[in-house]
>>> print(open('target.pdb').read())   # PDB, C-alpha atoms, pLDDT in the B column
ATOM      1  CA  MET A   1    -150.171  85.405 144.205  1.00 71.00           C
ATOM      2  CA  ILE A   2    -146.993  86.893 145.662  1.00 75.00           C
ATOM      3  CA  ARG A   3    -146.858  89.463 142.861  1.00 73.00           C
ATOM      4  CA  LEU A   4    -150.432  90.469 143.575  1.00 72.00           C
ATOM      5  CA  MET A   5    -149.708  90.878 147.291  1.00 75.00           C
ATOM      6  CA  GLY A   6    -146.592  92.901 146.483  1.00 73.00           C
ATOM      7  CA  ALA A   7    -148.596  95.133 144.158  1.00 70.00           C
ATOM      8  CA  VAL A   8    -151.224  95.708 146.819  1.00 72.00           C
ATOM      9  CA  LEU A   9    -148.539  96.560 149.372  1.00 74.00           C
ATOM     10  CA  VAL A  10    -146.836  99.010 147.001  1.00 71.00           C
ATOM     11  CA  ALA A  11    -150.142 100.711 146.226  1.00 73.00           C
ATOM     12  CA  ALA A  12    -151.044 100.865 149.911  1.00 75.00           C
ATOM     13  CA  GLY A  13    -147.607 102.283 150.753  1.00 75.00           C
ATOM     14  CA  GLY A  14    -148.054 105.111 148.265  1.00 73.00           C
ATOM     15  CA  ALA A  15    -151.521 105.839 149.608  1.00 73.00           C
ATOM     16  CA  ILE A  16    -150.264 105.868 153.208  1.00 80.00           C
ATOM     17  CA  LEU A  17    -147.495 108.329 152.317  1.00 76.00           C
ATOM     18  CA  GLY A  18    -150.039 110.668 150.737  1.00 76.00           C
ATOM     19  CA  PHE A  19    -152.420 110.456 153.675  1.00 77.00           C
ATOM     20  CA  GLN A  20    -149.583 111.025 156.175  1.00 79.00           C
ATOM     21  CA  ALA A  21    -148.459 114.149 154.325  1.00 78.00           C
ATOM     22  CA  ALA A  22    -152.037 115.456 154.445  1.00 75.00           C
ATOM     23  CA  ALA A  23    -152.204 114.690 158.179  1.00 79.00           C
ATOM     24  CA  VAL A  24    -149.050 116.733 158.822  1.00 80.00           C
ATOM     25  CA  LEU A  25    -150.702 119.731 157.181  1.00 78.00           C
ATOM     26  CA  ARG A  26    -153.825 119.295 159.320  1.00 82.00           C
ATOM     27  CA  ARG A  27    -151.751 119.028 162.524  1.00 83.00           C
ATOM     28  CA  ARG A  28    -149.965 122.304 161.784  1.00 84.00           C
ATOM     29  CA  GLY A  29    -153.220 124.195 161.383  1.00 83.00           C
ATOM     30  CA  ARG A  30    -154.641 122.577 164.516  1.00 85.00           C
ATOM     31  CA  ALA A  31    -151.526 123.454 166.561  1.00 84.00           C
ATOM     32  CA  VAL A  32    -151.661 127.112 165.540  1.00 82.00           C
ATOM     33  CA  ARG A  33    -155.404 127.231 166.274  1.00 86.00           C
ATOM     34  CA  ARG A  34    -154.856 125.779 169.770  1.00 86.00           C
ATOM     35  CA  MET A  35    -152.086 128.285 170.427  1.00 85.00           C
ATOM     36  CA  GLU A  36    -154.501 131.034 169.411  1.00 86.00           C
ATOM     37  CA  GLU A  37    -157.030 129.668 171.919  1.00 87.00           C
ATOM     38  CA  GLY A  38    -154.347 129.616 174.632  1.00 85.00           C
ATOM     39  CA  LEU A  39    -153.516 133.267 173.995  1.00 83.00           C
ATOM     40  CA  ALA A  40    -157.217 134.125 174.118  1.00 86.00           C
ATOM     41  CA  LEU A  41    -157.382 132.505 177.543  1.00 84.00           C
ATOM     42  CA  LEU A  42    -154.411 134.568 178.779  1.00 81.00           C
ATOM     43  CA  GLU A  43    -156.023 137.681 177.350  1.00 82.00           C
ATOM     44  CA  ARG A  44    -159.287 137.029 179.215  1.00 83.00           C
ATOM     45  CA  GLU A  45    -157.404 136.344 182.442  1.00 80.00           C
ATOM     46  CA  LEU A  46    -155.541 139.641 182.143  1.00 76.00           C
ATOM     47  CA  GLU A  47    -158.768 141.490 181.429  1.00 78.00           C
ATOM     48  CA  LEU A  48    -160.698 139.987 184.338  1.00 79.00           C
ATOM     49  CA  ASN A  49    -158.129 139.417 187.070  1.00 79.00           C
ATOM     50  CA  ALA A  50    -154.769 140.944 186.053  1.00 75.00           C
ATOM     51  CA  PRO A  51    -152.895 138.168 187.924  1.00 73.00           C
ATOM     52  CA  PRO A  52    -149.115 138.090 188.311  1.00 73.00           C
ATOM     53  CA  LEU A  53    -147.221 136.389 185.500  1.00 69.00           C
ATOM     54  CA  SER A  54    -146.712 133.104 187.337  1.00 74.00           C
ATOM     55  CA  ARG A  55    -150.424 132.709 188.096  1.00 79.00           C
ATOM     56  CA  LEU A  56    -151.370 133.822 184.576  1.00 74.00           C
ATOM     57  CA  LEU A  57    -149.159 131.143 183.042  1.00 77.00           C
ATOM     58  CA  GLU A  58    -150.356 128.486 185.498  1.00 78.00           C
ATOM     59  CA  ARG A  59    -153.975 129.188 184.585  1.00 80.00           C
ATOM     60  CA  GLY A  60    -153.101 129.183 180.914  1.00 76.00           C
ATOM     61  CA  ALA A  61    -151.334 125.831 181.248  1.00 76.00           C
ATOM     62  CA  SER A  62    -154.161 124.224 183.181  1.00 78.00           C
ATOM     63  CA  HIS A  63    -156.898 125.309 180.760  1.00 83.00           C
ATOM     64  CA  SER A  64    -155.127 125.054 177.385  1.00 79.00           C
ATOM     65  CA  GLN A  65    -154.427 122.251 174.967  1.00 82.00           C
ATOM     66  CA  GLU A  66    -151.114 121.336 173.377  1.00 83.00           C
ATOM     67  CA  PRO A  67    -148.929 123.098 172.224  1.00 84.00           C
ATOM     68  CA  ALA A  68    -150.035 126.068 174.347  1.00 79.00           C
ATOM     69  CA  ARG A  69    -150.065 123.925 177.485  1.00 80.00           C
ATOM     70  CA  ALA A  70    -146.443 122.839 177.011  1.00 83.00           C
ATOM     71  CA  LEU A  71    -145.312 126.401 176.312  1.00 80.00           C
ATOM     72  CA  PHE A  72    -147.074 127.841 179.368  1.00 81.00           C
ATOM     73  CA  GLN A  73    -145.913 125.000 181.632  1.00 79.00           C
ATOM     74  CA  GLY A  74    -142.328 125.443 180.490  1.00 80.00           C
ATOM     75  CA  CYS A  75    -142.518 129.154 181.191  1.00 79.00           C
ATOM     76  CA  THR A  76    -144.044 128.540 184.621  1.00 79.00           C
ATOM     77  CA  GLN A  77    -141.236 126.144 185.506  1.00 79.00           C
ATOM     78  CA  GLY A  78    -138.632 128.521 184.099  1.00 73.00           C
ATOM     79  CA  LEU A  79    -139.827 131.366 186.328  1.00 73.00           C
ATOM     80  CA  ASP A  80    -138.033 129.632 189.199  1.00 77.00           C
ATOM     81  CA  ASN A  81    -134.724 130.140 187.371  1.00 74.00           C
ATOM     82  CA  LEU A  82    -134.980 133.799 186.418  1.00 68.00           C
ATOM     83  CA  ASP A  83    -131.591 134.438 188.002  1.00 70.00           C
ATOM     84  CA  ARG A  84    -129.998 132.289 185.250  1.00 79.00           C
ATOM     85  CA  GLU A  85    -132.258 133.105 182.293  1.00 74.00           C
ATOM     86  CA  ASP A  86    -134.509 136.125 181.897  1.00 78.00           C
ATOM     87  CA  PHE A  87    -138.127 135.640 180.856  1.00 76.00           C
ATOM     88  CA  SER A  88    -137.739 136.920 177.301  1.00 77.00           C
ATOM     89  CA  SER A  89    -134.892 134.437 176.643  1.00 79.00           C
ATOM     90  CA  LEU A  90    -136.894 131.650 178.260  1.00 76.00           C
ATOM     91  CA  TRP A  91    -139.954 132.494 176.138  1.00 76.00           C
ATOM     92  CA  ARG A  92    -137.865 132.661 172.958  1.00 81.00           C
ATOM     93  CA  ARG A  93    -136.227 129.299 173.636  1.00 82.00           C
ATOM     94  CA  LEU A  94    -139.521 127.555 174.442  1.00 81.00           C
ATOM     95  CA  VAL A  95    -141.331 129.039 171.434  1.00 81.00           C
ATOM     96  CA  GLN A  96    -138.543 127.896 169.118  1.00 83.00           C
ATOM     97  CA  GLU A  97    -138.851 124.367 170.537  1.00 83.00           C
ATOM     98  CA  ARG A  98    -142.481 124.223 169.347  1.00 80.00           C
ATOM     99  CA  ALA A  99    -141.737 123.122 165.774  1.00 77.00           C
ATOM    100  CA  GLU A 100    -145.405 122.302 165.132  1.00 82.00           C
ATOM    101  CA  LEU A 101    -146.204 126.034 165.174  1.00 80.00           C
ATOM    102  CA  THR A 102    -144.333 126.670 161.892  1.00 83.00           C
ATOM    103  CA  PRO A 103    -141.655 129.385 161.604  1.00 85.00           C
ATOM    104  CA  GLU A 104    -144.302 132.017 160.862  1.00 87.00           C
ATOM    105  CA  GLY A 105    -146.270 131.107 163.983  1.00 83.00           C
ATOM    106  CA  GLN A 106    -143.104 131.219 166.060  1.00 79.00           C
ATOM    107  CA  ALA A 107    -142.298 134.675 164.681  1.00 85.00           C
ATOM    108  CA  ILE A 108    -145.724 135.889 165.780  1.00 83.00           C
ATOM    109  CA  LEU A 109    -145.219 134.578 169.322  1.00 81.00           C
ATOM    110  CA  LEU A 110    -141.633 135.731 169.911  1.00 80.00           C
ATOM    111  CA  PRO A 111    -142.397 139.410 170.728  1.00 84.00           C
ATOM    112  CA  LEU A 112    -144.701 138.351 173.569  1.00 79.00           C
ATOM    113  CA  GLY A 113    -141.658 137.419 175.655  1.00 79.00           C
ATOM    114  CA  ASN A 114    -140.636 141.066 175.763  1.00 77.00           C
ATOM    115  CA  THR A 115    -144.073 142.233 176.920  1.00 77.00           C
ATOM    116  CA  LEU A 116    -145.522 139.624 179.293  1.00 73.00           C
ATOM    117  CA  GLY A 117    -144.846 140.443 182.910  1.00 68.00           C
ATOM    118  CA  ARG A 118    -143.044 143.708 182.098  1.00 72.00           C
ATOM    119  CA  TYR A 119    -145.780 146.188 181.338  1.00 67.00           C
ATOM    120  CA  GLU A 120    -149.164 147.089 182.787  1.00 74.00           C
ATOM    121  CA  GLY A 121    -152.047 144.715 182.159  1.00 68.00           C
ATOM    122  CA  GLU A 122    -153.608 146.744 179.355  1.00 74.00           C
ATOM    123  CA  ARG A 123    -150.406 146.757 177.280  1.00 81.00           C
ATOM    124  CA  GLN A 124    -149.943 143.024 177.821  1.00 75.00           C
ATOM    125  CA  ARG A 125    -153.535 142.392 176.792  1.00 79.00           C
ATOM    126  CA  GLU A 126    -153.163 144.502 173.631  1.00 83.00           C
ATOM    127  CA  THR A 127    -150.026 142.598 172.654  1.00 84.00           C
ATOM    128  CA  LEU A 128    -151.732 139.254 173.323  1.00 81.00           C
ATOM    129  CA  SER A 129    -154.746 140.362 171.312  1.00 84.00           C
ATOM    130  CA  ALA A 130    -152.620 141.365 168.312  1.00 86.00           C
ATOM    131  CA  ALA A 131    -150.688 138.083 168.412  1.00 86.00           C
ATOM    132  CA  ARG A 132    -153.925 136.114 168.800  1.00 85.00           C
ATOM    133  CA  ARG A 133    -155.462 137.803 165.744  1.00 89.00           C
ATOM    134  CA  ARG A 134    -152.364 137.145 163.654  1.00 89.00           C
ATOM    135  CA  LEU A 135    -152.309 133.497 164.778  1.00 84.00           C
ATOM    136  CA  GLY A 136    -155.995 133.234 163.839  1.00 88.00           C
ATOM    137  CA  GLU A 137    -155.229 134.493 160.339  1.00 88.00           C
ATOM    138  CA  LEU A 138    -152.305 132.082 160.056  1.00 85.00           C
ATOM    139  CA  ALA A 139    -154.446 129.179 161.289  1.00 86.00           C
ATOM    140  CA  ALA A 140    -157.151 129.986 158.746  1.00 89.00           C
ATOM    141  CA  ARG A 141    -154.566 130.083 155.971  1.00 88.00           C
ATOM    142  CA  LEU A 142    -152.965 126.811 157.119  1.00 81.00           C
ATOM    143  CA  GLU A 143    -156.376 125.130 157.339  1.00 85.00           C
ATOM    144  CA  ALA A 144    -157.261 126.273 153.812  1.00 85.00           C
ATOM    145  CA  ASP A 145    -153.887 125.041 152.544  1.00 81.00           C
ATOM    146  CA  SER A 146    -154.452 121.770 154.347  1.00 80.00           C
ATOM    147  CA  ARG A 147    -157.787 121.236 152.630  1.00 80.00           C
ATOM    148  CA  ARG A 148    -156.433 122.125 149.207  1.00 82.00           C
ATOM    149  CA  GLN A 149    -152.956 120.567 149.375  1.00 80.00           C
ATOM    150  CA  GLY A 150    -154.092 117.658 151.532  1.00 73.00           C
ATOM    151  CA  ARG A 151    -156.272 116.393 148.721  1.00 75.00           C
ATOM    152  CA  VAL A 152    -153.399 116.807 146.275  1.00 76.00           C
ATOM    153  CA  TYR A 153    -151.078 114.792 148.523  1.00 75.00           C
ATOM    154  CA  GLN A 154    -153.664 112.060 148.944  1.00 74.00           C
ATOM    155  CA  VAL A 155    -154.280 111.809 145.202  1.00 75.00           C
ATOM    156  CA  LEU A 156    -150.538 111.860 144.487  1.00 74.00           C
ATOM    157  CA  GLY A 157    -149.986 109.066 146.990  1.00 78.00           C
ATOM    158  CA  LEU A 158    -152.733 106.933 145.504  1.00 74.00           C
ATOM    159  CA  SER A 159    -151.744 107.573 141.889  1.00 78.00           C
ATOM    160  CA  GLY A 160    -148.033 107.138 142.660  1.00 77.00           C
ATOM    161  CA  GLY A 161    -148.756 103.772 144.243  1.00 74.00           C
ATOM    162  CA  ALA A 162    -150.882 102.759 141.269  1.00 74.00           C
ATOM    163  CA  PHE A 163    -148.157 103.887 138.852  1.00 77.00           C
ATOM    164  CA  LEU A 164    -145.564 101.782 140.668  1.00 72.00           C
ATOM    165  CA  VAL A 165    -147.883  98.773 140.520  1.00 72.00           C
ATOM    166  CA  ILE A 166    -148.234  99.202 136.759  1.00 76.00           C
ATOM    167  CA  LEU A 167    -144.471  99.460 136.386  1.00 75.00           C
ATOM    168  CA  LEU A 168    -143.840  96.373 138.488  1.00 69.00           C
ATOM    169  CA  LEU A 169    -146.442  94.210 136.795  1.00 70.00           C
TER     170      LEU A 169
END
>>> encode(input="target.pdb", output="C-alpha cells")
Amino acid sequence: MIRLMGAVLVAAGGAILGFQAAAVLRRRGRAVRRMEEGLALLERELELNAPPLSRLLERGASHSQEPARALFQGCTQGLDNLDREDFSSLWRRLVQERAELTPEGQAILLPLGNTLGRYEGERQRETLSAARRRLGELAARLEADSRRQGRVYQVLGLSGGAFLVILLL
C-alpha cells in the first residue's frame, strides 16, 4: 500500500513539474502581450491628448494590467526624483526589473526611455508604435512556443514520472 502511494506521488510530482514548466512559458507570452497592450494605450493617449509625461504614465498605470501597470507606476513615482536619476536611467532600471518580459522584450522596451517625454508627441508615438509592433511579434512567437513546447514539457513530466515509478517498483 505504501509503495503504491509512493508511486502515485512520484508520478504526480513528475506531472506537476511538467505542467509548471508549461505554465511559465504561458506567463511569459501573457506578460509580453499585456505590455504590448499598455504601450498601445500610451500611444492612443499621445495621439488624442498629448498629455505631459507624468499624466501619460498615470493614465497608462491606471488602465493597464501587470507588468505594464508596475512599470508605469514605478516611472510615475520616479518622476518626483528626477534630480537624482534621469528618466532614461529610471526607465532602464525599471524595465530590467521586469524579468517576466524576457531579455528580448526588455531590449525592445529600453529605447523608449530615451524618447518618452523628450521629443514632440508624434516622435514619441512613432517610437511607441514601433516598440508595440515588435512586442506583438515577440508575444506571438512566445505564445506559439508555449503551445508547442508546453505540450512537450507536460508529456515529459508525465512520462518521467511514469518512468520513475517503473524503476522504483
>>> residues_around(input="target.pdb", residues="Gly60 of chain A", least_positions_apart="3", cutoff="9 Å", atoms="all atoms listed in the file", output="list in words")
Gly38, Leu39, Leu41, Leu42, Glu45, Arg55, Leu56, Leu57, His63, Ser64, Ala68, Arg69, Phe72 and Gln73 of chain A
>>> atom_distance(input="target.pdb", atom1="atom CA of Leu164 of chain A", atom2="atom CA of Val10 of chain A")
7.0 Å
>>> atom_distance(input="target.pdb", atom1="atom CA of Phe19 of chain A", atom2="atom CA of Gln65 of chain A")
24.4 Å
>>> resolve_selection(input="target.pdb", expression="the PyMOL selection byres ((chain A and resi 139) around 9)", output="VMD selection string")
chain A and resid 28 to 33 36 105 134 to 138 140 to 144
>>> atom_distance(input="target.pdb", atom1="atom CA of Val24 of chain A", atom2="atom CA of Ala99 of chain A")
11.9 Å
>>> closest_residue(input="target.pdb", among="A:Arg34, A:Glu47, A:Gly78, A:Arg133", to="Arg92 of chain A", atoms="all atoms listed in the file")
A:Gly78
>>> residues_around(input="target.pdb", residues="segment 147-152 of chain A", least_positions_apart="2", cutoff="8 Å", atoms="all atoms listed in the file", output="VMD selection string")
chain A and resid 19 21 to 23 25 to 26 143 to 145 154 to 156
>>> resolve_selection(input="target.pdb", expression="the PyMOL selection byres ((chain A and resi 95) around 10)", output="PyMOL selection string")
chain A and resi 67-68+70-72+74-75+89-94+96-99+101+103+105-110+113
>>> closest_residue(input="target.pdb", among="A:Ser54, A:Ser88, A:Asn49, A:Ser146", to="Thr115 of chain A", atoms="only C-alpha atoms")
A:Ser88
>>> axis_aligned_box(input="target.pdb", around="segment 46-53 of chain A", padding_each_side="4 Å", output="JSON")
{"center_x": -154.0, "center_y": 138.9, "center_z": 184.9, "size_x": 21.5, "size_y": 13.1, "size_z": 14.9}
>>> closest_residue(input="target.pdb", among="A:Thr76, A:Ala11, A:Leu112, A:Gly18", to="Glu126 of chain A", atoms="only C-alpha atoms")
A:Leu112
>>> resolve_selection(input="target.pdb", expression="the PyMOL selection byres ((chain A and resi 14) around 7)", output="PyMOL selection string")
chain A and resi 10-13+15-18+157-158+160-161
>>> residues_around(input="target.pdb", residues="Ala40 of chain A", least_positions_apart="4", cutoff="9 Å", atoms="all atoms listed in the file", output="list in words")
Met35, Glu36, Arg44, Glu45, Leu128, Ser129 and Arg132 of chain A
>>> build_atoms(input="target.pdb", residues="segment 64-99 of chain A", atoms="N, CA and C atoms", output="PDB file, in the frame of the given file")
ATOM      1  N   SER A  64    -155.434 125.067 178.812  1.00 79.00           N
ATOM      2  CA  SER A  64    -155.127 125.054 177.385  1.00 79.00           C
ATOM      3  C   SER A  64    -154.832 123.647 176.905  1.00 79.00           C
ATOM      4  N   GLN A  65    -154.810 123.506 175.596  1.00 82.00           N
ATOM      5  CA  GLN A  65    -154.427 122.251 174.967  1.00 82.00           C
ATOM      6  C   GLN A  65    -153.037 122.417 174.378  1.00 82.00           C
ATOM      7  N   GLU A  66    -152.435 121.283 174.007  1.00 83.00           N
ATOM      8  CA  GLU A  66    -151.114 121.336 173.377  1.00 83.00           C
ATOM      9  C   GLU A  66    -151.218 122.095 172.063  1.00 83.00           C
ATOM     10  N   PRO A  67    -150.251 122.850 171.679  1.00 84.00           N
ATOM     11  CA  PRO A  67    -148.929 123.098 172.224  1.00 84.00           C
ATOM     12  C   PRO A  67    -148.891 124.246 173.232  1.00 84.00           C
ATOM     13  N   ALA A  68    -150.006 124.941 173.407  1.00 79.00           N
ATOM     14  CA  ALA A  68    -150.035 126.068 174.347  1.00 79.00           C
ATOM     15  C   ALA A  68    -149.734 125.594 175.770  1.00 79.00           C
ATOM     16  N   ARG A  69    -150.287 124.449 176.141  1.00 80.00           N
ATOM     17  CA  ARG A  69    -150.065 123.925 177.485  1.00 80.00           C
ATOM     18  C   ARG A  69    -148.573 123.727 177.755  1.00 80.00           C
ATOM     19  N   ALA A  70    -147.871 123.101 176.822  1.00 83.00           N
ATOM     20  CA  ALA A  70    -146.443 122.839 177.011  1.00 83.00           C
ATOM     21  C   ALA A  70    -145.653 124.147 177.105  1.00 83.00           C
ATOM     22  N   LEU A  71    -146.003 125.120 176.279  1.00 80.00           N
ATOM     23  CA  LEU A  71    -145.312 126.401 176.312  1.00 80.00           C
ATOM     24  C   LEU A  71    -145.526 127.102 177.654  1.00 80.00           C
ATOM     25  N   PHE A  72    -146.776 127.156 178.113  1.00 81.00           N
ATOM     26  CA  PHE A  72    -147.074 127.841 179.368  1.00 81.00           C
ATOM     27  C   PHE A  72    -146.482 127.100 180.569  1.00 81.00           C
ATOM     28  N   GLN A  73    -146.516 125.769 180.538  1.00 79.00           N
ATOM     29  CA  GLN A  73    -145.913 125.000 181.632  1.00 79.00           C
ATOM     30  C   GLN A  73    -144.405 125.210 181.687  1.00 79.00           C
ATOM     31  N   GLY A  74    -143.765 125.207 180.534  1.00 80.00           N
ATOM     32  CA  GLY A  74    -142.328 125.443 180.490  1.00 80.00           C
ATOM     33  C   GLY A  74    -141.961 126.816 181.023  1.00 80.00           C
ATOM     34  N   CYS A  75    -142.767 127.800 180.686  1.00 79.00           N
ATOM     35  CA  CYS A  75    -142.518 129.154 181.191  1.00 79.00           C
ATOM     36  C   CYS A  75    -142.735 129.216 182.692  1.00 79.00           C
ATOM     37  N   THR A  76    -143.775 128.554 183.186  1.00 79.00           N
ATOM     38  CA  THR A  76    -144.044 128.540 184.621  1.00 79.00           C
ATOM     39  C   THR A  76    -142.873 127.906 185.370  1.00 79.00           C
ATOM     40  N   GLN A  77    -142.376 126.807 184.863  1.00 79.00           N
ATOM     41  CA  GLN A  77    -141.236 126.144 185.506  1.00 79.00           C
ATOM     42  C   GLN A  77    -139.975 126.993 185.399  1.00 79.00           C
ATOM     43  N   GLY A  78    -139.812 127.694 184.292  1.00 73.00           N
ATOM     44  CA  GLY A  78    -138.632 128.521 184.099  1.00 73.00           C
ATOM     45  C   GLY A  78    -138.611 129.770 184.957  1.00 73.00           C
ATOM     46  N   LEU A  79    -139.776 130.177 185.470  1.00 73.00           N
ATOM     47  CA  LEU A  79    -139.827 131.366 186.328  1.00 73.00           C
ATOM     48  C   LEU A  79    -139.025 131.162 187.604  1.00 73.00           C
ATOM     49  N   ASP A  80    -138.831 129.916 188.005  1.00 77.00           N
ATOM     50  CA  ASP A  80    -138.033 129.632 189.199  1.00 77.00           C
ATOM     51  C   ASP A  80    -136.549 129.888 188.964  1.00 77.00           C
ATOM     52  N   ASN A  81    -136.140 129.983 187.705  1.00 74.00           N
ATOM     53  CA  ASN A  81    -134.724 130.140 187.371  1.00 74.00           C
ATOM     54  C   ASN A  81    -134.437 131.479 186.700  1.00 74.00           C
ATOM     55  N   LEU A  82    -135.167 132.507 187.061  1.00 68.00           N
ATOM     56  CA  LEU A  82    -134.980 133.799 186.418  1.00 68.00           C
ATOM     57  C   LEU A  82    -133.613 134.409 186.711  1.00 68.00           C
ATOM     58  N   ASP A  83    -132.936 133.935 187.728  1.00 70.00           N
ATOM     59  CA  ASP A  83    -131.591 134.438 188.002  1.00 70.00           C
ATOM     60  C   ASP A  83    -130.576 133.943 186.963  1.00 70.00           C
ATOM     61  N   ARG A  84    -130.893 132.843 186.271  1.00 79.00           N
ATOM     62  CA  ARG A  84    -129.998 132.289 185.250  1.00 79.00           C
ATOM     63  C   ARG A  84    -130.444 132.642 183.831  1.00 79.00           C
ATOM     64  N   GLU A  85    -131.731 132.816 183.628  1.00 74.00           N
ATOM     65  CA  GLU A  85    -132.258 133.105 182.293  1.00 74.00           C
ATOM     66  C   GLU A  85    -133.452 134.035 182.442  1.00 74.00           C
ATOM     67  N   ASP A  86    -133.393 135.193 181.786  1.00 78.00           N
ATOM     68  CA  ASP A  86    -134.509 136.125 181.897  1.00 78.00           C
ATOM     69  C   ASP A  86    -135.722 135.596 181.122  1.00 78.00           C
ATOM     70  N   PHE A  87    -136.884 136.172 181.411  1.00 76.00           N
ATOM     71  CA  PHE A  87    -138.127 135.640 180.856  1.00 76.00           C
ATOM     72  C   PHE A  87    -138.154 135.716 179.339  1.00 76.00           C
ATOM     73  N   SER A  88    -137.678 136.813 178.765  1.00 77.00           N
ATOM     74  CA  SER A  88    -137.739 136.920 177.301  1.00 77.00           C
ATOM     75  C   SER A  88    -136.880 135.840 176.627  1.00 77.00           C
ATOM     76  N   SER A  89    -135.728 135.517 177.202  1.00 79.00           N
ATOM     77  CA  SER A  89    -134.892 134.437 176.643  1.00 79.00           C
ATOM     78  C   SER A  89    -135.566 133.080 176.829  1.00 79.00           C
ATOM     79  N   LEU A  90    -136.164 132.891 177.985  1.00 76.00           N
ATOM     80  CA  LEU A  90    -136.894 131.650 178.260  1.00 76.00           C
ATOM     81  C   LEU A  90    -138.032 131.478 177.265  1.00 76.00           C
ATOM     82  N   TRP A  91    -138.824 132.527 177.074  1.00 76.00           N
ATOM     83  CA  TRP A  91    -139.954 132.494 176.138  1.00 76.00           C
ATOM     84  C   TRP A  91    -139.459 132.177 174.732  1.00 76.00           C
ATOM     85  N   ARG A  92    -138.408 132.870 174.300  1.00 81.00           N
ATOM     86  CA  ARG A  92    -137.865 132.661 172.958  1.00 81.00           C
ATOM     87  C   ARG A  92    -137.429 131.206 172.765  1.00 81.00           C
ATOM     88  N   ARG A  93    -136.710 130.677 173.738  1.00 82.00           N
ATOM     89  CA  ARG A  93    -136.227 129.299 173.636  1.00 82.00           C
ATOM     90  C   ARG A  93    -137.385 128.312 173.560  1.00 82.00           C
ATOM     91  N   LEU A  94    -138.396 128.494 174.411  1.00 81.00           N
ATOM     92  CA  LEU A  94    -139.521 127.555 174.442  1.00 81.00           C
ATOM     93  C   LEU A  94    -140.397 127.673 173.192  1.00 81.00           C
ATOM     94  N   VAL A  95    -140.556 128.871 172.673  1.00 81.00           N
ATOM     95  CA  VAL A  95    -141.331 129.039 171.434  1.00 81.00           C
ATOM     96  C   VAL A  95    -140.611 128.355 170.280  1.00 81.00           C
ATOM     97  N   GLN A  96    -139.296 128.505 170.213  1.00 83.00           N
ATOM     98  CA  GLN A  96    -138.543 127.896 169.118  1.00 83.00           C
ATOM     99  C   GLN A  96    -138.514 126.376 169.204  1.00 83.00           C
ATOM    100  N   GLU A  97    -138.762 125.821 170.390  1.00 83.00           N
ATOM    101  CA  GLU A  97    -138.851 124.367 170.537  1.00 83.00           C
ATOM    102  C   GLU A  97    -140.169 123.817 170.000  1.00 83.00           C
ATOM    103  N   ARG A  98    -141.161 124.650 169.828  1.00 80.00           N
ATOM    104  CA  ARG A  98    -142.481 124.223 169.347  1.00 80.00           C
ATOM    105  C   ARG A  98    -142.482 124.207 167.819  1.00 80.00           C
ATOM    106  N   ALA A  99    -141.869 123.215 167.234  1.00 77.00           N
ATOM    107  CA  ALA A  99    -141.737 123.122 165.774  1.00 77.00           C
ATOM    108  C   ALA A  99    -143.087 123.007 165.074  1.00 77.00           C
TER     109      ALA A  99
END
